[in-house]
Amino acid sequence: MESISPELVKTDLIKPREKVVYDGHPLDRLSPNPVMLAPMVGLTHYAVRQGVADFLPDPKRALWPTEMLNSRRVPSQHPNDSPEVCFADMDNGLYPQLLANEEEFIRMSVRRLEGWGVKALDINMGCPVNKALKHNYGVALMGDPVYAREVVATTVKYATVPVSVKLRAGLETYDEKYLFNFVDGLFESGASWITLHPRTAEQKRRGKPNWNLIKNLKLRHPDRRIIGNGDVQCHEEIVEAFELTGCDRVMIGRALMVKPWLIRHEPEPDAHTQGEWYGQFLKAVLKYCREQYEESAGMRRLRFLQRQGKPWVEFGEYLQGRLQAAQNYEEMSTALDKFFAQKQKIIKKTELRT
Ligand SMILES: Cc1cc2nc3c(=O)[nH]c(=O)nc-3n(C[C@H](O)[C@H](O)[C@H](O)COP(=O)(O)O)c2cc1C
């Protein structure tokens, strides 16, 4: 495990600092790469972030999200406690996402995360699971524009780094006027940029994301930064998303778990070369897991990553069985070597899991 200075983790030692000032828009400075990785529970931990970042040429200028971190837990967490707070890539544009709604937890979480060297913070207003709804954060905040504005303003008050929001189109249904007024409020409260996943909470990941909402939001805010997200699976769709919406960045979640090269925003190679690259990616993620995570936690994460990619991989079901049967990191490594010793093929587009 990489050790992190105790000075950095002692929240109270960190004195209030000036806001970080950027020459130009902070998103353009921090994350000029056109494609961004989406925050995903169980997936966007250090080993995967690093595995995706390997596909970007140096200096890999992009923001790298954590999965959503609970602001009630962050104040008592230590870096490297678990994969979700493993920040071995802390110099690399770390961009944690917070589930947050109470001032004291926000204050303590922001202090702690900034002490760990993060470059920006995101507030989750899209998580549709019941637990988030019950605690009135995640997408629940979309039902209360005034409260949502306060959450942003409070986070901005304590943060020295830029604060953004990732949100959905709405709760049960969407109303463009309501959504746009809601976003206006977030900008007015200090949000530096917005990521829109244009589905409702009710839809979860079913149905089609409405990319027209992103287009119209960008038309309403030509000078703001708007990131579009939802169902992009191949290079052509990245191009299409930019053309259709005029958004400033395309954020990709699931497809990057099998095609990390999409982060480069370049035409993709043939299906077999993709199979080879996918093998390199899984082996690199395994290596990073081995370096940083305790074995059972790392194995669980690698299996989950492979299951996400399965629909795009011709014999993904077989690989899943091999990884399931592996008893330790070494056996996982052997299983990957054997599987990728044969030519493998990646499918261009697939039915996305819901
Ligand atoms: C397993 C999984 C976990 C997710 N966890 C989060 C999360 O922690 N925070 C968040 O804002 N969105 C989360 N999402 C939603 C994604 O960030 C993204 O908005 C969604 O998957 C649509 O993008 P995609 O089609 O490119 O995957 C998650 C999605 C998946 C599949």
# chains A, B, ... in the order shown; residues from 1 in each chain; ligands from 1
$ select_by_dssp --residues "region 95-188 of chain A" --states "strand (DSSP E or B)" --output "PyMOL selection string"
chain A and resi 95-99+121-125+163-170
$ residues_around --residues "Leu141 (chain A)" --least-positions-apart "2" --cutoff "12 Å" --atoms "only C-alpha atoms" --output "PyMOL selection string"
chain A and resi 99-102+123-128+132-139+143-152+165-168+170-171+182-183+186+201
$ write_last_selection --atoms "C-alpha atoms" --output "mmCIF file, in the first residue's frame"
data_model
loop_
_atom_site.group_PDB
_atom_site.id
_atom_site.type_symbol
_atom_site.label_atom_id
_atom_site.label_comp_id
_atom_site.auth_asym_id
_atom_site.auth_seq_id
_atom_site.Cartn_x
_atom_site.Cartn_y
_atom_site.Cartn_z
ATOM 1 C CA LEU A 99 -23.996 11.898 -1.745
ATOM 2 C CA ALA A 100 -24.688 14.888 0.429
ATOM 3 C CA ASN A 101 -27.382 17.032 1.959
ATOM 4 C CA GLU A 102 -26.332 18.228 5.425
ATOM 5 C CA ILE A 123 -22.603 16.176 -6.094
ATOM 6 C CA ASN A 124 -24.808 13.229 -6.921
ATOM 7 C CA MET A 125 -28.370 14.242 -7.838
ATOM 8 C CA GLY A 126 -29.021 11.171 -9.946
ATOM 9 C CA CYS A 127 -28.870 8.106 -7.740
ATOM 10 C CA PRO A 128 -32.361 6.549 -7.870
ATOM 11 C CA ALA A 132 -30.836 7.559 -1.395
ATOM 12 C CA LEU A 133 -34.485 8.570 -1.765
ATOM 13 C CA LYS A 134 -35.153 7.728 1.888
ATOM 14 C CA HIS A 135 -32.225 9.890 3.035
ATOM 15 C CA ASN A 136 -33.280 12.673 0.706
ATOM 16 C CA TYR A 137 -30.142 12.817 -1.352
ATOM 17 C CA GLY A 138 -29.188 11.530 -4.788
ATOM 18 C CA VAL A 139 -32.040 12.103 -7.210
ATOM 19 C CA GLY A 143 -37.720 17.111 -6.155
ATOM 20 C CA ASP A 144 -36.688 20.113 -4.060
ATOM 21 C CA PRO A 145 -34.976 22.838 -6.117
ATOM 22 C CA VAL A 146 -34.478 25.140 -3.137
ATOM 23 C CA TYR A 147 -32.810 22.463 -1.060
ATOM 24 C CA ALA A 148 -30.706 21.347 -4.031
ATOM 25 C CA ARG A 149 -29.453 24.897 -4.460
ATOM 26 C CA GLU A 150 -28.528 25.020 -0.790
ATOM 27 C CA VAL A 151 -26.564 21.785 -1.067
ATOM 28 C CA VAL A 152 -24.574 23.236 -3.952
ATOM 29 C CA VAL A 165 -23.512 18.276 -10.205
ATOM 30 C CA LYS A 166 -24.516 15.097 -12.009
ATOM 31 C CA LEU A 167 -28.255 14.793 -12.397
ATOM 32 C CA ARG A 168 -31.053 13.092 -14.263
ATOM 33 C CA GLY A 170 -36.314 14.282 -13.354
ATOM 34 C CA LEU A 171 -38.054 11.971 -10.906
ATOM 35 C CA PHE A 182 -33.587 23.500 -11.655
ATOM 36 C CA VAL A 183 -30.254 23.625 -13.508
ATOM 37 C CA LEU A 186 -27.552 25.020 -9.562
ATOM 38 C CA ALA A 201 -35.232 8.249 -11.804
#
$ closest_atom_pairs --of "chain A" --to "ligand 1" --cutoff "7 Å" --atoms "only C-alpha atoms and all ligand atoms" --output "Markdown table"
| residue | atom | partner | partner_atom_place_in_ligand_line | distance |
| --- | --- | --- | --- | --- |
| A:Ala38 | CA | ligand 1 | 17 (O) | 4.4 |
| A:Pro39 | CA | ligand 1 | 17 (O) | 4.5 |
| A:Met40 | CA | ligand 1 | 5 (N) | 3.2 |
| A:Val41 | CA | ligand 1 | 5 (N) | 4.1 |
| A:Gly42 | CA | ligand 1 | 1 (C) | 6.5 |
| A:Leu43 | CA | ligand 1 | 1 (C) | 6.6 |
| A:Glu67 | CA | ligand 1 | 8 (O) | 4.2 |
| A:Met68 | CA | ligand 1 | 8 (O) | 3.9 |
| A:Gln97 | CA | ligand 1 | 9 (N) | 7.0 |
| A:Asn124 | CA | ligand 1 | 11 (O) | 5.3 |
| A:Gly126 | CA | ligand 1 | 11 (O) | 5.6 |
| A:Cys127 | CA | ligand 1 | 10 (C) | 5.9 |
| A:Lys166 | CA | ligand 1 | 11 (O) | 5.8 |
| A:His197 | CA | ligand 1 | 19 (O) | 5.4 |
| A:Arg205 | CA | ligand 1 | 22 (C) | 6.8 |
| A:Asn229 | CA | ligand 1 | 23 (O) | 5.4 |
| A:Gly230 | CA | ligand 1 | 25 (O) | 3.9 |
| A:Asp231 | CA | ligand 1 | 25 (O) | 3.3 |
| A:Val232 | CA | ligand 1 | 26 (O) | 5.4 |
| A:Met251 | CA | ligand 1 | 26 (O) | 6.5 |
| A:Ile252 | CA | ligand 1 | 26 (O) | 3.7 |
| A:Gly253 | CA | ligand 1 | 27 (O) | 3.6 |
| A:Arg254 | CA | ligand 1 | 27 (O) | 3.9 |
| A:Ala255 | CA | ligand 1 | 26 (O) | 6.1 |
$ write_last_selection --atoms "C-alpha atoms" --output "PDB file, in the first residue's frame"
ATOM      1  CA  ALA A  38     -18.646   8.211 -15.385  1.00  0.00           C
ATOM      2  CA  PRO A  39     -18.844   7.549 -11.639  1.00  0.00           C
ATOM      3  CA  MET A  40     -20.015   3.984 -10.965  1.00  0.00           C
ATOM      4  CA  VAL A  41     -20.375   2.108  -7.693  1.00  0.00           C
ATOM      5  CA  GLY A  42     -18.058  -0.892  -7.528  1.00  0.00           C
ATOM      6  CA  LEU A  43     -16.371   0.112 -10.801  1.00  0.00           C
ATOM      7  CA  GLU A  67     -18.040   6.131  -7.122  1.00  0.00           C
ATOM      8  CA  MET A  68     -20.551   8.053  -5.019  1.00  0.00           C
ATOM      9  CA  GLN A  97     -18.618  12.253  -6.086  1.00  0.00           C
ATOM     10  CA  ASN A 124     -24.808  13.229  -6.921  1.00  0.00           C
ATOM     11  CA  GLY A 126     -29.021  11.171  -9.946  1.00  0.00           C
ATOM     12  CA  CYS A 127     -28.870   8.106  -7.740  1.00  0.00           C
ATOM     13  CA  LYS A 166     -24.516  15.097 -12.009  1.00  0.00           C
ATOM     14  CA  HIS A 197     -27.958  11.735 -17.782  1.00  0.00           C
ATOM     15  CA  ARG A 205     -31.335   2.718 -16.957  1.00  0.00           C
ATOM     16  CA  ASN A 229     -24.108  11.014 -20.608  1.00  0.00           C
ATOM     17  CA  GLY A 230     -26.120   7.935 -21.488  1.00  0.00           C
ATOM     18  CA  ASP A 231     -25.776   4.774 -23.603  1.00  0.00           C
ATOM     19  CA  VAL A 232     -22.747   5.744 -25.693  1.00  0.00           C
ATOM     20  CA  MET A 251     -19.244  10.970 -20.260  1.00  0.00           C
ATOM     21  CA  ILE A 252     -19.259   7.176 -20.626  1.00  0.00           C
ATOM     22  CA  GLY A 253     -19.844   4.568 -17.948  1.00  0.00           C
ATOM     23  CA  ARG A 254     -20.572   0.973 -18.898  1.00  0.00           C
ATOM     24  CA  ALA A 255     -18.961   0.864 -22.342  1.00  0.00           C
TER      25      ALA A 255
END
$ closest_atom_pairs --of "region 81-173 of chain A" --to "region 291-305 of chain A" --cutoff "8 Å" --atoms "only C-alpha atoms" --output "CSV"
residue,atom,partner,partner_atom,distance
A:Ser82,CA,A:Tyr293,CA,7.3
A:Pro83,CA,A:Tyr293,CA,6.4
A:Cys86,CA,A:Gln292,CA,7.7
A:Ala88,CA,A:Gln292,CA,8.0
$ closest_residue --among "A:Pro162, A:Gly309, A:Pro198, A:Pro79" --to "Gly93 (chain A)" --atoms "only C-alpha atoms"
A:Pro162
$ residues_around --residues "region 44-51 of chain A" --least-positions-apart "5" --cutoff "8 Å" --atoms "only C-alpha atoms" --output "number ranges by chain"
A: 38-39, 64-67, 83-89, 260, 281-282, 284-286, 288-289
$ write_last_selection --atoms "N, CA and C atoms" --output "PDB file, in the first residue's frame"
ATOM      1  N   ALA A  38     -17.513   7.929 -16.279  1.00  0.00           N
ATOM      2  CA  ALA A  38     -18.646   8.211 -15.385  1.00  0.00           C
ATOM      3  C   ALA A  38     -18.421   7.561 -14.019  1.00  0.00           C
ATOM      4  N   PRO A  39     -18.952   8.184 -12.961  1.00  0.00           N
ATOM      5  CA  PRO A  39     -18.844   7.549 -11.639  1.00  0.00           C
ATOM      6  C   PRO A  39     -19.736   6.312 -11.577  1.00  0.00           C
ATOM      7  N   TRP A  64     -10.966  12.144 -12.972  1.00  0.00           N
ATOM      8  CA  TRP A  64     -11.213  10.725 -12.765  1.00  0.00           C
ATOM      9  C   TRP A  64     -12.111  10.546 -11.551  1.00  0.00           C
ATOM     10  N   PRO A  65     -13.360  10.112 -11.769  1.00  0.00           N
ATOM     11  CA  PRO A  65     -14.329  10.089 -10.668  1.00  0.00           C
ATOM     12  C   PRO A  65     -14.147   8.900  -9.717  1.00  0.00           C
ATOM     13  N   THR A  66     -14.574   9.112  -8.499  1.00  0.00           N
ATOM     14  CA  THR A  66     -14.793   7.968  -7.600  1.00  0.00           C
ATOM     15  C   THR A  66     -16.238   7.538  -7.808  1.00  0.00           C
ATOM     16  N   GLU A  67     -16.614   6.439  -7.227  1.00  0.00           N
ATOM     17  CA  GLU A  67     -18.040   6.131  -7.122  1.00  0.00           C
ATOM     18  C   GLU A  67     -18.633   7.112  -6.116  1.00  0.00           C
ATOM     19  N   PRO A  83     -11.204  -0.238  -1.470  1.00  0.00           N
ATOM     20  CA  PRO A  83     -11.008   0.229  -2.854  1.00  0.00           C
ATOM     21  C   PRO A  83     -11.748   1.529  -3.175  1.00  0.00           C
ATOM     22  N   GLU A  84     -12.922   1.741  -2.573  1.00  0.00           N
ATOM     23  CA  GLU A  84     -13.666   2.941  -2.972  1.00  0.00           C
ATOM     24  C   GLU A  84     -12.932   4.223  -2.555  1.00  0.00           C
ATOM     25  N   VAL A  85     -12.106   4.143  -1.516  1.00  0.00           N
ATOM     26  CA  VAL A  85     -11.331   5.328  -1.125  1.00  0.00           C
ATOM     27  C   VAL A  85      -9.821   5.077  -1.269  1.00  0.00           C
ATOM     28  N   CYS A  86      -9.473   4.244  -2.219  1.00  0.00           N
ATOM     29  CA  CYS A  86      -8.058   4.060  -2.523  1.00  0.00           C
ATOM     30  C   CYS A  86      -7.678   5.156  -3.508  1.00  0.00           C
ATOM     31  N   PHE A  87      -6.796   6.037  -3.076  1.00  0.00           N
ATOM     32  CA  PHE A  87      -6.437   7.191  -3.906  1.00  0.00           C
ATOM     33  C   PHE A  87      -4.975   7.163  -4.317  1.00  0.00           C
ATOM     34  N   ALA A  88      -4.508   5.993  -4.718  1.00  0.00           N
ATOM     35  CA  ALA A  88      -3.110   5.903  -5.140  1.00  0.00           C
ATOM     36  C   ALA A  88      -2.860   6.784  -6.362  1.00  0.00           C
ATOM     37  N   ASP A  89      -3.928   7.153  -7.068  1.00  0.00           N
ATOM     38  CA  ASP A  89      -3.794   8.036  -8.237  1.00  0.00           C
ATOM     39  C   ASP A  89      -4.135   9.477  -7.875  1.00  0.00           C
ATOM     40  N   PRO A 260     -12.027   0.580 -22.898  1.00  0.00           N
ATOM     41  CA  PRO A 260     -11.419   1.762 -22.265  1.00  0.00           C
ATOM     42  C   PRO A 260     -10.771   2.694 -23.270  1.00  0.00           C
ATOM     43  N   PHE A 281      -6.325  -4.630 -20.762  1.00  0.00           N
ATOM     44  CA  PHE A 281      -7.008  -3.809 -19.744  1.00  0.00           C
ATOM     45  C   PHE A 281      -7.293  -4.640 -18.494  1.00  0.00           C
ATOM     46  N   LEU A 282      -7.906  -5.814 -18.678  1.00  0.00           N
ATOM     47  CA  LEU A 282      -8.248  -6.633 -17.502  1.00  0.00           C
ATOM     48  C   LEU A 282      -6.984  -7.040 -16.737  1.00  0.00           C
ATOM     49  N   ALA A 284      -4.180  -5.374 -16.630  1.00  0.00           N
ATOM     50  CA  ALA A 284      -3.652  -4.187 -15.926  1.00  0.00           C
ATOM     51  C   ALA A 284      -4.480  -3.916 -14.673  1.00  0.00           C
ATOM     52  N   VAL A 285      -5.810  -4.040 -14.791  1.00  0.00           N
ATOM     53  CA  VAL A 285      -6.652  -3.791 -13.608  1.00  0.00           C
ATOM     54  C   VAL A 285      -6.316  -4.806 -12.516  1.00  0.00           C
ATOM     55  N   LEU A 286      -6.122  -6.055 -12.920  1.00  0.00           N
ATOM     56  CA  LEU A 286      -5.751  -7.070 -11.928  1.00  0.00           C
ATOM     57  C   LEU A 286      -4.430  -6.685 -11.250  1.00  0.00           C
ATOM     58  N   TYR A 288      -3.190  -3.693 -10.827  1.00  0.00           N
ATOM     59  CA  TYR A 288      -3.390  -2.572  -9.896  1.00  0.00           C
ATOM     60  C   TYR A 288      -4.144  -3.038  -8.644  1.00  0.00           C
ATOM     61  N   CYS A 289      -5.073  -3.975  -8.822  1.00  0.00           N
ATOM     62  CA  CYS A 289      -5.779  -4.523  -7.642  1.00  0.00           C
ATOM     63  C   CYS A 289      -4.757  -5.205  -6.727  1.00  0.00           C
TER      64      CYS A 289
END
$ select_by_dssp --residues "region 28-262 of chain A" --states "helix (DSSP H, G or I)" --output "ChimeraX atom specification"
/A:28-30,46-53,74-76,83-85,103-115,130-134,138-143,145-158,176-188,211-220,235-245,254-257,260-262
$ write_last_selection --atoms "C-alpha atoms" --output "short mmCIF file (atom, residue, chain, number, x, y, z; two decimals), in the first residue's frame"
data_model
loop_
_atom_site.label_atom_id
_atom_site.label_comp_id
_atom_site.auth_asym_id
_atom_site.auth_seq_id
_atom_site.Cartn_x
_atom_site.Cartn_y
_atom_site.Cartn_z
CA ASP A 28 -11.18 23.04 -19.68
CA ARG A 29 -8.11 23.28 -17.48
CA LEU A 30 -8.72 20.13 -15.47
CA TYR A 46 -8.44 3.22 -8.35
CA ALA A 47 -7.53 0.07 -10.32
CA VAL A 48 -10.14 0.71 -13.01
CA ARG A 49 -9.46 4.45 -13.20
CA GLN A 50 -5.81 3.62 -13.70
CA GLY A 51 -6.62 0.92 -16.26
CA VAL A 52 -8.70 3.38 -18.30
CA ALA A 53 -6.13 6.16 -17.87
CA VAL A 74 -16.22 10.15 4.39
CA PRO A 75 -15.24 12.09 7.55
CA SER A 76 -14.31 8.83 9.29
CA PRO A 83 -11.01 0.23 -2.85
CA GLU A 84 -13.67 2.94 -2.97
CA VAL A 85 -11.33 5.33 -1.12
CA GLU A 103 -23.99 21.11 6.07
CA GLU A 104 -21.81 19.57 8.77
CA PHE A 105 -21.21 16.37 6.81
CA ILE A 106 -20.54 18.39 3.69
CA ARG A 107 -18.04 20.60 5.51
CA MET A 108 -16.15 17.67 6.99
CA SER A 109 -16.21 15.64 3.78
CA VAL A 110 -15.00 18.52 1.64
CA ARG A 111 -12.15 19.25 4.05
CA ARG A 112 -11.14 15.64 4.16
CA LEU A 113 -11.31 15.07 0.41
CA GLU A 114 -9.42 18.25 -0.33
CA GLY A 115 -6.78 17.10 2.13
CA ASN A 130 -34.47 3.67 -2.42
CA LYS A 131 -31.83 4.26 0.22
CA ALA A 132 -30.84 7.56 -1.40
CA LEU A 133 -34.49 8.57 -1.77
CA LYS A 134 -35.15 7.73 1.89
CA GLY A 138 -29.19 11.53 -4.79
CA VAL A 139 -32.04 12.10 -7.21
CA ALA A 140 -34.39 13.01 -4.31
CA LEU A 141 -32.78 16.46 -4.41
CA MET A 142 -34.32 16.95 -7.84
CA GLY A 143 -37.72 17.11 -6.16
CA PRO A 145 -34.98 22.84 -6.12
CA VAL A 146 -34.48 25.14 -3.14
CA TYR A 147 -32.81 22.46 -1.06
CA ALA A 148 -30.71 21.35 -4.03
CA ARG A 149 -29.45 24.90 -4.46
CA GLU A 150 -28.53 25.02 -0.79
CA VAL A 151 -26.56 21.79 -1.07
CA VAL A 152 -24.57 23.24 -3.95
CA ALA A 153 -24.05 26.60 -2.26
CA THR A 154 -22.91 24.90 0.96
CA THR A 155 -20.45 22.66 -0.87
CA VAL A 156 -19.11 25.61 -2.86
CA LYS A 157 -18.76 27.59 0.38
CA TYR A 158 -16.39 25.00 1.87
CA GLU A 176 -38.17 20.45 -19.57
CA LYS A 177 -39.09 23.78 -18.01
CA TYR A 178 -38.76 22.41 -14.49
CA LEU A 179 -35.45 20.73 -15.32
CA PHE A 180 -34.00 23.85 -16.88
CA ASN A 181 -35.08 26.07 -13.99
CA PHE A 182 -33.59 23.50 -11.66
CA VAL A 183 -30.25 23.62 -13.51
CA ASP A 184 -30.35 27.46 -13.59
CA GLY A 185 -30.57 27.32 -9.79
CA LEU A 186 -27.55 25.02 -9.56
CA PHE A 187 -25.45 27.35 -11.71
CA GLU A 188 -26.62 30.36 -9.71
CA TRP A 211 -30.24 13.50 -25.83
CA ASN A 212 -32.44 16.39 -27.05
CA LEU A 213 -32.58 17.57 -23.46
CA ILE A 214 -28.81 17.92 -23.47
CA LYS A 215 -28.97 19.82 -26.74
CA ASN A 216 -31.61 22.20 -25.40
CA LEU A 217 -29.77 22.67 -22.11
CA LYS A 218 -26.61 23.58 -23.99
CA LEU A 219 -28.57 26.00 -26.20
CA ARG A 220 -29.91 27.64 -23.04
CA HIS A 235 -16.63 5.95 -31.27
CA GLU A 236 -19.30 6.83 -33.85
CA GLU A 237 -21.77 7.45 -31.05
CA ILE A 238 -19.35 9.81 -29.32
CA VAL A 239 -19.09 11.79 -32.54
CA GLU A 240 -22.87 11.71 -32.95
CA ALA A 241 -23.42 12.88 -29.36
CA PHE A 242 -21.19 15.91 -29.89
CA GLU A 243 -22.84 16.73 -33.22
CA LEU A 244 -26.39 16.27 -32.00
CA THR A 245 -26.10 18.13 -28.72
CA ARG A 254 -20.57 0.97 -18.90
CA ALA A 255 -18.96 0.86 -22.34
CA LEU A 256 -15.65 2.14 -20.95
CA MET A 257 -15.56 -0.94 -18.72
CA PRO A 260 -11.42 1.76 -22.27
CA TRP A 261 -9.85 3.02 -25.50
CA LEU A 262 -13.03 5.04 -26.16
#
$ atom_distance --atom1 "CA of Pro59 (chain A)" --atom2 "CA of Asn92 (chain A)"
8.9 Å
$ residues_around --residues "Lys19 (chain A)" --least-positions-apart "5" --cutoff "8 Å" --atoms "only C-alpha atoms" --output "PyMOL selection string"
chain A and resi 159-161
$ residues_around --residues "Ile347 (chain A)" --least-positions-apart "5" --cutoff "12 Å" --atoms "only C-alpha atoms" --output "CSV table (one decimal) with N, CA and C atoms, in the first residue's frame"
chain,number,residue,atom,x,y,z
A,233,GLN,N,-21.8,3.8,-26.8
A,233,GLN,CA,-21.1,2.5,-26.8
A,233,GLN,C,-19.9,2.4,-27.8
A,234,CYS,N,-19.8,3.4,-28.7
A,234,CYS,CA,-18.7,3.2,-29.7
A,234,CYS,C,-18.3,4.6,-30.2
A,255,ALA,N,-19.8,1.3,-21.2
A,255,ALA,CA,-19.0,0.9,-22.3
A,255,ALA,C,-17.5,1.0,-22.1
A,258,VAL,N,-15.4,-2.0,-20.9
A,258,VAL,CA,-15.0,-3.0,-21.8
A,258,VAL,C,-14.2,-2.5,-23.0
A,259,LYS,N,-14.4,-1.2,-23.2
A,259,LYS,CA,-13.7,-0.5,-24.3
A,259,LYS,C,-13.0,0.8,-23.8
A,268,GLU,N,-12.0,3.3,-33.7
A,268,GLU,CA,-11.6,2.0,-33.0
A,268,GLU,C,-11.0,1.0,-34.0
A,269,PRO,N,-10.1,0.2,-33.5
A,269,PRO,CA,-9.5,-0.8,-34.3
A,269,PRO,C,-10.5,-2.0,-34.6
A,270,ASP,N,-10.1,-3.0,-35.4
A,270,ASP,CA,-11.0,-4.1,-35.7
A,270,ASP,C,-11.3,-4.9,-34.4
A,271,ALA,N,-12.3,-5.8,-34.5
A,271,ALA,CA,-12.9,-6.4,-33.3
A,271,ALA,C,-11.8,-7.3,-32.6
A,272,HIS,N,-10.9,-7.9,-33.3
A,272,HIS,CA,-9.9,-8.8,-32.7
A,272,HIS,C,-8.8,-8.0,-32.0
A,273,THR,N,-8.4,-6.8,-32.6
A,273,THR,CA,-7.5,-6.0,-31.8
A,273,THR,C,-8.1,-5.5,-30.6
A,274,GLN,N,-9.4,-5.2,-30.7
A,274,GLN,CA,-10.1,-4.7,-29.5
A,274,GLN,C,-10.1,-5.8,-28.4
A,275,GLY,N,-10.3,-7.1,-28.9
A,275,GLY,CA,-10.2,-8.2,-27.9
A,275,GLY,C,-8.9,-8.3,-27.2
A,278,TYR,N,-8.7,-5.4,-24.8
A,278,TYR,CA,-9.5,-5.7,-23.6
A,278,TYR,C,-8.8,-6.6,-22.6
A,309,GLY,N,-18.6,-6.1,-18.5
A,309,GLY,CA,-18.2,-6.1,-19.9
A,309,GLY,C,-18.7,-7.3,-20.7
A,310,LYS,N,-19.3,-8.3,-20.0
A,310,LYS,CA,-19.7,-9.5,-20.6
A,310,LYS,C,-20.5,-9.4,-21.9
A,311,PRO,N,-21.5,-8.6,-21.9
A,311,PRO,CA,-22.4,-8.5,-23.1
A,311,PRO,C,-21.6,-8.2,-24.4
A,312,TRP,N,-20.5,-7.5,-24.3
A,312,TRP,CA,-19.8,-7.1,-25.5
A,312,TRP,C,-18.7,-8.1,-25.9
A,313,VAL,N,-18.5,-9.2,-25.1
A,313,VAL,CA,-17.4,-10.1,-25.3
A,313,VAL,C,-17.9,-11.4,-25.8
A,314,GLU,N,-17.4,-11.9,-27.0
A,314,GLU,CA,-18.0,-13.1,-27.6
A,314,GLU,C,-18.2,-14.3,-26.6
A,315,PHE,N,-17.1,-14.6,-25.9
A,315,PHE,CA,-17.2,-15.7,-24.9
A,315,PHE,C,-17.1,-15.2,-23.5
A,316,GLY,N,-17.8,-14.1,-23.3
A,316,GLY,CA,-17.7,-13.5,-21.9
A,316,GLY,C,-18.2,-14.4,-20.8
$ residues_around --residues "Met332 (chain A)" --least-positions-apart "5" --cutoff "9 Å" --atoms "only C-alpha atoms" --output "ChimeraX atom specification"
/A:286,299,322-327,337
$ closest_residue --among "A:Lys204, A:Arg249, A:Lys343, A:His78" --to "Ala62 (chain A)" --atoms "only C-alpha atoms"
A:Arg249
$ residues_around --residues "Val35 (chain A)" --least-positions-apart "2" --cutoff "7 Å" --atoms "only C-alpha atoms" --output "PyMOL selection string"
chain A and resi 33+37+249-251+263+265
$ atom_distance --atom1 "CA of Ala191 (chain A)" --atom2 "CA of Pro209 (chain A)"
23.1 Å
